[in-house]
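Just below is one structure, and these are the notes that go with it.
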Amino acid sequence: MIIKRSISLKIAMQIAVVTGKVISTIKHPAYKARKLLLVQRLTLERKPMGRPTIAIDYVDAGEGDVVLLGAAPGLASTVFGIPDAPMRELVMGVIDRVSFEDKREDMGNSVRKKTANRGRKRK
């Protein structure tokens with residue numbers, strides 16, 4: 001008799017920025033050959049929210065990238081097909097642009113960062 005289990009996950013999607021890599025020589029077997037990233041969740045105003053967390057990279061994101069972070073119990077282990085893996089946070093996408101209908105500035109990797117003109121005259 002084969003019993004199929006339906007997996008229903010409530011995924012919390014958030015915007016975050018990659019702040020660094022996590023390097024570990026001794027780790028749980030589920031993390032073998034997986035890139036771990038240190039990410040900081042962001043508000044829609046681009047301000048840090050909460051504490052940084054460790055996420056498994058699924059899209060080859062890099063330091064400084066604005067990313068889509070998915071979190072749910074069992075999400076990463078479902079994606080990678082590893083039962084009972086201690087994985088919760090997953091970098092699911094690299095964000096090119098988030099646009100708002102109100103007056104907030106767009107955010108994302110393709111949005112140019114404003115630089116301050118420090119009183120220098122152009123020649």
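Letters for chains follow the order of the structure tokens (A, B, ...), residue numbers begin at 1 for each chain, and ligand numbers begin at 1 in the order shown.
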
**Request:** May I have all residues of chain A that DSSP, computed from the backbone, assigns to alpha helix (DSSP H), given as JSON, numbers by chain?
**Result:** {"A": [75, 76, 77, 78, 79, 80]}

Produce a file of the selected residues containing C-alpha atoms, as a compact mmCIF listing (two decimals), in the first residue's frame.
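Writing the result to part20.txt gives the following:
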```txt
# COMPACT_ATOMS: atom_id res chain seq x y z
CA LEU A 75 10.24 24.46 2.89
CA ALA A 76 13.92 23.95 2.12
CA SER A 77 13.82 20.22 2.84
CA THR A 78 10.84 19.92 0.46
CA VAL A 79 12.62 21.87 -2.29
CA PHE A 80 15.81 19.85 -1.97
```

**Item:** Residue neighbourhood segment 48-62 of chain A, 8 Å, only C-alpha atoms, exclusion window fewer than 5 positions, as a PyMOL selection string
**Value:** chain A and resi 18+20+22+34-43+67+76+87-94

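Every protein or nucleic acid residue with an atom no more than 12 Å from Asp102 of chain A, counting only C-alpha atoms and leaving out same-chain residues fewer than 4 positions away, appears here: Leu44, Glu45 and Asp106 of chain A.
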
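Relative to atom CA of His28 of chain A, atom CA of Ala72 of chain A is found at 19.1 Å.
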
**Nearby residues (only C-alpha atoms) at most 10 Å from Val111 of chain A, same-chain spacing under 2 positions excluded, as a ChimeraX atom specification** = /A:96-99,105-109,113-114

**Request:** If you run DSSP over the backbone, which residues in segment 18-112 of chain A end up strand (DSSP E or B)? Put them as a VMD selection string.
**Result:** chain A and resid 18 to 22 36 to 42 48 53 to 57 66 to 71 89 to 94 98 107

Keeping only C-alpha atoms, write those residues as a short mmCIF file (atom, residue, chain, number, x, y, z; two decimals), in the first residue's frame.
```
data_model
loop_
_atom_site.label_atom_id
_atom_site.label_comp_id
_atom_site.auth_asym_id
_atom_site.auth_seq_id
_atom_site.Cartn_x
_atom_site.Cartn_y
_atom_site.Cartn_z
CA VAL A 18 22.66 39.24 1.40
CA THR A 19 25.24 40.53 3.88
CA GLY A 20 27.75 37.68 3.77
CA LYS A 21 28.58 34.00 3.40
CA VAL A 22 28.55 31.36 6.11
CA LEU A 36 24.78 29.24 3.10
CA LEU A 37 24.22 32.99 3.14
CA LEU A 38 23.80 35.52 5.91
CA VAL A 39 20.76 37.63 5.06
CA GLN A 40 19.09 40.65 6.63
CA ARG A 41 15.35 41.09 6.18
CA LEU A 42 14.29 44.55 4.95
CA PRO A 48 16.83 46.39 8.39
CA THR A 53 19.49 34.91 9.66
CA ILE A 54 21.15 32.11 7.72
CA ALA A 55 19.50 30.95 4.50
CA ILE A 56 20.26 28.28 1.92
CA ASP A 57 21.01 29.74 -1.49
CA VAL A 66 18.50 42.11 -2.81
CA VAL A 67 16.73 38.74 -2.67
CA LEU A 68 13.39 37.05 -2.16
CA LEU A 69 13.50 35.04 1.04
CA GLY A 70 11.06 32.19 1.62
CA ALA A 71 10.50 30.72 5.06
CA GLU A 89 15.07 29.83 5.24
CA LEU A 90 15.64 29.70 1.50
CA VAL A 91 16.87 32.37 -0.92
CA MET A 92 14.35 31.83 -3.74
CA GLY A 93 15.09 34.68 -6.11
CA VAL A 94 17.26 37.68 -6.90
CA VAL A 98 10.20 46.34 -6.70
CA MET A 107 14.21 49.05 -4.78
#
```

**Asked** What is the distance, in Å and to one decimal place, between atom CA of Ala16 of chain A and atom CA of Pro73 of chain A?
**Response** 18.5 Å

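For the choices A:Pro86, A:Ile95, A:Pro29, A:Glu63, the atom-to-atom distance to Ile15 of chain A is smallest for A:Ile95 when using only C-alpha atoms.
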
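Going from atom CA of Gly81 of chain A over to atom CA of Lys27 of chain A, you cover 18.1 Å.
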